[in-house]
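**Student:** The structure file my_file_20.csv (CSV, C-alpha atoms) is provided below.
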```csv
chain,number,residue,atom,x,y,z
X,11,MET,CA,-11.4,8.1,-35.3
X,12,ASP,CA,-14.1,6.4,-33.2
X,13,ARG,CA,-13.3,3.8,-30.5
X,14,ALA,CA,-14.4,0.8,-32.6
X,15,ALA,CA,-12.2,1.8,-35.5
X,16,GLY,CA,-9.3,2.3,-33.2
X,17,ASN,CA,-9.8,-1.1,-31.5
X,18,GLY,CA,-10.0,-2.7,-35.0
X,19,GLN,CA,-6.7,-1.2,-36.1
X,20,ARG,CA,-5.0,-2.3,-32.9
X,21,ALA,CA,-6.4,-5.8,-33.2
X,22,GLY,CA,-5.2,-6.0,-36.8
X,23,GLY,CA,-1.8,-4.8,-35.8
X,24,ARG,CA,-1.5,-7.4,-33.1
X,25,LEU,CA,-2.4,-10.2,-35.6
X,26,ARG,CA,0.1,-9.0,-38.1
X,27,ARG,CA,2.9,-8.8,-35.5
X,28,GLN,CA,2.1,-12.2,-34.1
X,29,ALA,CA,2.0,-13.7,-37.6
X,30,SER,CA,5.4,-12.2,-38.3
X,31,ALA,CA,6.8,-13.7,-35.1
X,32,ASP,CA,5.3,-17.1,-36.0
X,33,SER,CA,7.0,-17.0,-39.4
X,34,LEU,CA,10.4,-16.3,-37.7
X,35,PHE,CA,9.8,-19.2,-35.2
X,36,GLN,CA,9.0,-21.6,-38.0
X,37,ALA,CA,12.0,-20.4,-40.0
X,38,LEU,CA,14.3,-21.1,-37.1
X,39,LYS,CA,12.9,-24.6,-36.8
X,40,ILE,CA,13.6,-25.3,-40.5
X,41,VAL,CA,17.1,-23.9,-40.1
X,42,PHE,CA,17.7,-26.3,-37.2
X,43,LEU,CA,16.2,-29.3,-39.1
X,44,VAL,CA,18.4,-28.7,-42.1
X,45,SER,CA,21.5,-28.2,-39.9
X,46,ALA,CA,20.7,-31.3,-38.0
X,47,PHE,CA,20.2,-33.5,-41.1
X,48,ILE,CA,23.5,-32.2,-42.6
X,49,ARG,CA,25.4,-33.1,-39.4
X,50,LEU,CA,23.6,-36.5,-39.3
X,51,VAL,CA,22.1,-35.9,-35.9
X,52,PRO,CA,20.0,-38.9,-34.7
X,53,LEU,CA,16.2,-38.5,-35.2
X,54,VAL,CA,15.5,-39.0,-31.6
X,55,ASP,CA,17.6,-36.0,-30.6
X,56,ILE,CA,15.9,-33.9,-33.3
X,57,CYS,CA,12.5,-34.9,-32.0
X,58,VAL,CA,13.5,-34.0,-28.4
X,59,VAL,CA,14.6,-30.5,-29.4
X,60,LEU,CA,11.4,-29.8,-31.4
X,61,ALA,CA,9.3,-31.2,-28.5
X,62,MET,CA,10.9,-28.7,-26.2
X,63,SER,CA,9.1,-25.9,-28.1
X,64,GLY,CA,5.8,-27.6,-27.5
X,65,LEU,CA,6.7,-28.2,-23.8
X,66,GLY,CA,7.5,-24.5,-23.4
X,67,SER,CA,4.2,-23.5,-25.1
X,68,SER,CA,2.3,-25.8,-22.8
X,69,LEU,CA,4.0,-24.4,-19.7
X,70,GLY,CA,3.3,-20.9,-20.9
X,71,SER,CA,-0.4,-21.7,-21.3
X,72,VAL,CA,-0.5,-23.1,-17.7
X,73,VAL,CA,1.2,-20.1,-16.0
X,74,ALA,CA,-0.4,-17.4,-18.2
X,75,GLY,CA,-3.3,-16.8,-15.9
X,76,ARG,CA,-1.1,-16.7,-12.8
X,77,SER,CA,1.7,-14.5,-14.2
X,78,PRO,CA,1.9,-11.1,-12.5
X,79,LEU,CA,2.9,-9.6,-15.8
X,80,PHE,CA,-0.6,-10.0,-17.1
X,81,ALA,CA,-1.9,-7.8,-14.3
X,82,ARG,CA,0.3,-4.9,-15.5
X,83,ALA,CA,-1.2,-3.2,-18.5
X,84,SER,CA,2.0,-1.3,-19.1
X,85,ILE,CA,3.9,-4.5,-19.9
X,86,SER,CA,3.2,-6.1,-23.3
X,87,MET,CA,3.8,-9.8,-23.6
X,88,PHE,CA,4.8,-9.3,-27.2
X,89,SER,CA,7.6,-7.0,-26.1
X,90,VAL,CA,8.7,-9.6,-23.6
X,91,GLN,CA,8.5,-12.2,-26.3
X,92,MET,CA,10.6,-10.2,-28.8
X,93,ILE,CA,13.2,-9.3,-26.2
X,94,THR,CA,13.6,-12.9,-25.2
X,95,TRP,CA,13.8,-14.1,-28.8
X,96,THR,CA,16.4,-11.5,-29.6
X,97,GLY,CA,18.6,-12.6,-26.8
X,98,ALA,CA,18.1,-16.3,-27.6
X,99,LEU,CA,18.9,-15.8,-31.3
X,100,ALA,CA,22.0,-13.7,-30.5
X,101,ALA,CA,23.2,-16.6,-28.2
X,102,VAL,CA,22.6,-19.1,-31.1
X,103,VAL,CA,24.7,-16.9,-33.4
X,104,ILE,CA,27.5,-16.8,-30.9
X,105,GLU,CA,27.4,-20.3,-29.5
X,106,GLY,CA,26.2,-22.2,-32.6
X,107,ILE,CA,23.5,-24.8,-32.9
X,108,SER,CA,24.1,-27.5,-30.3
X,109,LEU,CA,21.4,-29.9,-29.2
X,110,PRO,CA,21.2,-29.1,-25.4
X,111,PHE,CA,21.4,-25.4,-26.1
X,112,MET,CA,18.8,-25.5,-28.9
X,113,ALA,CA,16.5,-27.4,-26.6
X,114,LEU,CA,16.6,-24.6,-24.1
X,115,VAL,CA,16.2,-22.0,-26.8
X,116,MET,CA,13.1,-23.8,-28.3
X,117,ALA,CA,11.6,-24.1,-24.8
X,118,ALA,CA,12.1,-20.3,-24.1
X,119,LEU,CA,10.8,-19.3,-27.5
X,120,GLY,CA,7.7,-21.5,-27.1
X,121,PHE,CA,7.0,-20.3,-23.6
X,122,THR,CA,7.1,-16.6,-24.5
X,123,ARG,CA,5.2,-17.2,-27.7
X,124,SER,CA,2.4,-18.9,-25.8
X,125,LEU,CA,2.1,-15.9,-23.3
X,126,SER,CA,2.0,-13.4,-26.2
X,127,ASN,CA,-0.6,-15.5,-28.1
X,128,ILE,CA,-2.8,-15.7,-25.0
X,129,GLU,CA,-2.6,-12.0,-24.5
X,130,SER,CA,-3.6,-11.3,-28.1
X,131,SER,CA,-6.6,-13.7,-27.8
X,132,VAL,CA,-7.7,-12.0,-24.6
X,133,TYR,CA,-7.5,-8.6,-26.2
X,134,LEU,CA,-9.5,-9.7,-29.2
X,135,MET,CA,-12.2,-11.2,-27.0
X,136,GLN,CA,-12.5,-8.1,-24.9
X,137,HIS,CA,-12.4,-5.5,-27.7
X,138,ALA,CA,-13.9,-7.2,-30.8
X,139,ALA,CA,-17.6,-6.7,-31.4
X,140,GLU,CA,-19.7,-9.9,-31.0
X,141,ARG,CA,-20.9,-9.7,-34.6
X,142,VAL,CA,-17.3,-9.9,-36.0
X,143,MET,CA,-15.9,-12.3,-33.4
X,144,ALA,CA,-16.0,-15.3,-35.8
X,145,GLY,CA,-14.3,-13.3,-38.5
X,146,VAL,CA,-11.6,-12.1,-36.2
X,147,ALA,CA,-10.9,-15.6,-34.9
X,148,SER,CA,-10.8,-16.9,-38.5
X,149,LEU,CA,-8.4,-14.1,-39.5
X,150,GLU,CA,-6.2,-14.9,-36.5
X,151,ALA,CA,-6.0,-18.6,-37.5
X,152,PHE,CA,-5.3,-17.7,-41.1
X,153,GLN,CA,-2.5,-15.3,-40.4
X,154,SER,CA,-0.9,-17.7,-38.0
X,155,LEU,CA,-0.9,-20.5,-40.5
X,156,ALA,CA,0.2,-18.2,-43.3
X,157,GLY,CA,3.1,-17.0,-41.1
X,158,CYS,CA,4.2,-20.6,-40.5
X,159,ALA,CA,4.0,-21.4,-44.2
X,160,VAL,CA,6.1,-18.3,-45.1
X,161,GLY,CA,8.5,-19.1,-42.3
X,162,SER,CA,9.1,-22.6,-43.6
X,163,ALA,CA,9.9,-21.3,-47.1
X,164,LEU,CA,12.1,-18.5,-45.7
X,165,GLY,CA,14.1,-20.7,-43.4
X,166,GLY,CA,14.7,-23.3,-46.1
X,167,MET,CA,15.8,-20.6,-48.6
X,168,LEU,CA,18.1,-18.9,-46.2
X,169,VAL,CA,19.9,-22.0,-45.0
X,170,TRP,CA,20.2,-23.3,-48.6
X,171,LEU,CA,21.7,-20.1,-50.0
X,172,TYR,CA,23.8,-18.8,-47.1
X,173,GLY,CA,24.3,-21.5,-44.5
X,174,THR,CA,23.2,-21.9,-40.9
X,175,LYS,CA,25.0,-19.0,-39.3
X,176,ILE,CA,24.0,-16.3,-41.8
X,177,ALA,CA,20.4,-17.7,-41.8
X,178,VAL,CA,20.2,-17.3,-38.0
X,179,SER,CA,21.8,-13.9,-38.2
X,180,PHE,CA,19.1,-12.8,-40.6
X,181,LEU,CA,16.4,-14.1,-38.3
X,182,LEU,CA,18.1,-12.2,-35.5
X,183,ILE,CA,18.0,-8.9,-37.4
X,184,GLN,CA,14.3,-9.4,-38.2
X,185,THR,CA,13.5,-10.3,-34.6
X,186,THR,CA,15.4,-7.2,-33.4
X,187,ALA,CA,13.4,-5.0,-35.8
X,188,LEU,CA,10.2,-6.5,-34.4
X,189,ALA,CA,11.4,-5.9,-30.8
X,190,LEU,CA,12.2,-2.2,-31.6
X,191,PHE,CA,8.8,-1.8,-33.4
X,192,ALA,CA,7.0,-3.3,-30.4
X,193,ALA,CA,8.8,-0.9,-28.1
X,194,LEU,CA,7.9,2.2,-30.2
X,195,ILE,CA,4.2,1.3,-30.7
X,196,PRO,CA,2.9,2.9,-27.5
X,197,LYS,CA,4.9,6.1,-28.1
X,198,LEU,CA,3.6,6.4,-31.7
X,199,ARG,CA,0.0,5.7,-30.6
X,200,ASN,CA,0.3,8.4,-27.8
X,201,GLN,CA,1.6,10.9,-30.4
X,202,ARG,CA,-1.5,10.3,-32.6
X,203,THR,CA,-4.1,10.2,-29.8
X,204,LEU,CA,-2.9,12.5,-27.1
X,205,ARG,CA,-3.3,16.0,-28.6
X,206,PRO,CA,-3.2,19.1,-26.4
X,207,PRO,CA,-6.7,20.5,-25.8
X,208,LYS,CA,-7.7,23.7,-27.6
X,209,PRO,CA,-7.5,26.8,-25.4
X,210,PRO,CA,-10.8,28.4,-24.5
X,211,LEU,CA,-12.0,31.3,-26.6
X,212,PRO,CA,-11.9,34.8,-25.1
X,213,PRO,CA,-15.3,36.1,-23.9
X,214,GLU,CA,-15.6,38.6,-26.8
X,215,GLU,CA,-14.9,35.9,-29.5
X,216,ARG,CA,-17.3,33.6,-27.7
X,217,ARG,CA,-20.1,36.1,-28.0
X,218,VAL,CA,-19.4,36.6,-31.6
X,219,SER,CA,-19.5,32.9,-32.4
X,220,LEU,CA,-22.7,32.5,-30.4
X,221,ARG,CA,-24.3,35.4,-32.4
X,222,ALA,CA,-23.2,33.9,-35.7
X,223,ALA,CA,-24.6,30.5,-34.7
X,224,ALA,CA,-27.9,32.1,-33.8
```
Could you show the structure in this file as structure tokens?
**Tutor:**
Amino acid sequence: MDRAAGNGQRAGGRLRRQASADSLFQALKIVFLVSAFIRLVPLVDICVVLAMSGLGSSLGSVVAGRSPLFARASISMFSVQMITWTGALAAVVIEGISLPFMALVMAALGFTRSLSNIESSVYLMQHAAERVMAGVASLEAFQSLAGCAVGSALGGMLVWLYGTKIAVSFLLIQTTALALFAALIPKLRNQRTLRPPKPPLPPEERRVSLRAAA
């Protein structure tokens, strides 16, 4: 596999993982909205909670270039995102959906999502060929929007069929699976690419191969 093909596969994998995370984020928003409407939460409070996700994303965009984690190639922002989301969703399952707590959760999820999206965009700009840059950007936007659409349907279906707690528990399982997958990606890639070098041929076999080639 040449370098361009390898970069293309890694870029595609990043886009698919980010789209999956976007769908889970959108599903959580729908679960919260349905739960809030059932409990007759005031619209102002609902808007404040949802606005916290945007505030977290904006803060992540501001600090992304100054974060020391970006200088360490061994640390993936997607892994940080999934670990944070797993802990946040586990806390929601335990504590339940309360407005002040959900505001903090939305801010944390938006913050780490912004960091991960910026890392993916930087990677694509650095490794995608110029002739396919527009296509890659278009694919990135399409998969993100498709993930949000799927997440909206998924969240609504889960909370309608099983209720709030089971819906959040399902999202927690999916997020944990993504976190484990993100942690295993470097190891799987190293197993495919880091192969032991072939031992050199003995002098006699080398002469025979040279004569055959001649």
**Student:** Residues at most 9 Å from X:Phe88, counting only C-alpha atoms, excluding those fewer than 4 positions away in the same chain, as JSON, numbers by chain?
**Tutor:** {"X": [24, 27, 28, 92, 93, 122, 123, 125, 126, 127, 129, 130, 189, 192]}
**Student:** Please compute the atom CA of X:Glu105-atom CA of X:Lys175 distance, one decimal, in Å.
**Tutor:** 10.2 Å
**Student:** When you count all atoms listed in the file, which of these residues is closest to X:Leu181: X:Gly120, X:Gly97, X:Gly145, X:Gly70?
**Tutor:**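 Comparing X:Gly120, X:Gly97, X:Gly145, X:Gly70 against X:Leu181, the winner is X:Gly97.
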**Student:** Would you mind reading off the distance between atom CA of X:Ala187 and atom CA of X:Asp32, one decimal, in Å?
**Tutor:** 14.6 Å
**Student:** So which one's closest to X:Ser45, X:Ser108, X:Ser30, X:Ser68, X:Gln184? Using all atoms listed in the file, please.
**Tutor:**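 The answer is X:Ser108, which sits nearest to X:Ser45.
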**Student:** For the atom pair atom CA of X:Ala101 and atom CA of X:Val72, what is the interatomic distance in Å to one decimal place?
**Tutor:** 26.7 Å
**Student:** For X:Thr185, which residue out of X:Ala159, X:Leu53, X:Ser154, X:Gln91 is the nearest one, using all atoms listed in the file?
**Tutor:** X:Gln91
**Student:** Identify the residues within 12 Å of coordinate (1.7, -24.9, -41.0) (same frame as the file), considering only C-alpha atoms, and give the answer as a list of chain:residue names.
**Tutor:**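 Answer for this query, in the requested form: X:Ala29, X:Asp32, X:Ser33, X:Phe35, X:Gln36, X:Ala37, X:Lys39, X:Ile40, X:Ala151, X:Phe152, X:Gln153, X:Ser154, X:Leu155, X:Ala156, X:Gly157, X:Cys158, X:Ala159, X:Val160, X:Gly161, X:Ser162, X:Ala163.
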**Student:** (14.3, -21.6, -24.7) in this file's frame - what residues fall within 10 Å of it? Use all atoms listed in the file and give the answer as JSON, numbers by chain.
**Tutor:** {"X": [62, 63, 66, 94, 95, 98, 99, 111, 112, 113, 114, 115, 116, 117, 118, 119, 120, 121, 122]}
**Student:** Using all atoms listed in the file for the distances, tell me which of X:Val51, X:Ile128, X:Ile183, X:Leu190 is nearest to X:Ser67.
**Tutor:**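 That would be X:Ile128, the residue with the smallest distance to X:Ser67.
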**Student:** Between X:Ala46, X:Ala193, X:Val90, X:Ala177, which is the closest to X:Ser124 once you count all atoms listed in the file?
**Tutor:**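 Nearest to X:Ser124: X:Val90.
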**Student:** Return stretch 120-132 of chain X, completed with N, CA and C atoms, as an mmCIF file, keeping the file's coordinate frame.
**Tutor:**
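Written file, selection-v7.cif:
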```
data_model
loop_
_atom_site.group_PDB
_atom_site.id
_atom_site.type_symbol
_atom_site.label_atom_id
_atom_site.label_comp_id
_atom_site.auth_asym_id
_atom_site.auth_seq_id
_atom_site.Cartn_x
_atom_site.Cartn_y
_atom_site.Cartn_z
ATOM 1 N N GLY X 120 9.080 -21.059 -27.233
ATOM 2 C CA GLY X 120 7.700 -21.500 -27.100
ATOM 3 C C GLY X 120 6.959 -20.979 -25.949
ATOM 4 N N PHE X 121 7.658 -20.822 -24.815
ATOM 5 C CA PHE X 121 7.000 -20.300 -23.600
ATOM 6 C C PHE X 121 6.558 -18.865 -23.807
ATOM 7 N N THR X 122 7.441 -17.991 -24.302
ATOM 8 C CA THR X 122 7.100 -16.600 -24.500
ATOM 9 C C THR X 122 6.062 -16.422 -25.625
ATOM 10 N N ARG X 123 6.143 -17.265 -26.635
ATOM 11 C CA ARG X 123 5.200 -17.200 -27.700
ATOM 12 C C ARG X 123 3.769 -17.534 -27.208
ATOM 13 N N SER X 124 3.677 -18.510 -26.330
ATOM 14 C CA SER X 124 2.400 -18.900 -25.800
ATOM 15 C C SER X 124 1.794 -17.721 -24.949
ATOM 16 N N LEU X 125 2.622 -17.077 -24.137
ATOM 17 C CA LEU X 125 2.100 -15.900 -23.300
ATOM 18 C C LEU X 125 1.631 -14.815 -24.249
ATOM 19 N N SER X 126 2.378 -14.525 -25.310
ATOM 20 C CA SER X 126 2.000 -13.400 -26.200
ATOM 21 C C SER X 126 0.698 -13.797 -26.968
ATOM 22 N N ASN X 127 0.570 -15.043 -27.416
ATOM 23 C CA ASN X 127 -0.600 -15.500 -28.100
ATOM 24 C C ASN X 127 -1.875 -15.366 -27.226
ATOM 25 N N ILE X 128 -1.721 -15.766 -25.973
ATOM 26 C CA ILE X 128 -2.800 -15.700 -25.000
ATOM 27 C C ILE X 128 -3.237 -14.242 -24.786
ATOM 28 N N GLU X 129 -2.255 -13.369 -24.641
ATOM 29 C CA GLU X 129 -2.600 -12.000 -24.500
ATOM 30 C C GLU X 129 -3.331 -11.391 -25.648
ATOM 31 N N SER X 130 -2.907 -11.763 -26.869
ATOM 32 C CA SER X 130 -3.600 -11.300 -28.100
ATOM 33 C C SER X 130 -5.024 -11.827 -28.129
ATOM 34 N N SER X 131 -5.207 -13.089 -27.778
ATOM 35 C CA SER X 131 -6.600 -13.700 -27.800
ATOM 36 C C SER X 131 -7.476 -13.005 -26.796
ATOM 37 N N VAL X 132 -6.947 -12.730 -25.600
ATOM 38 C CA VAL X 132 -7.700 -12.000 -24.600
ATOM 39 C C VAL X 132 -8.119 -10.644 -25.046
#
```
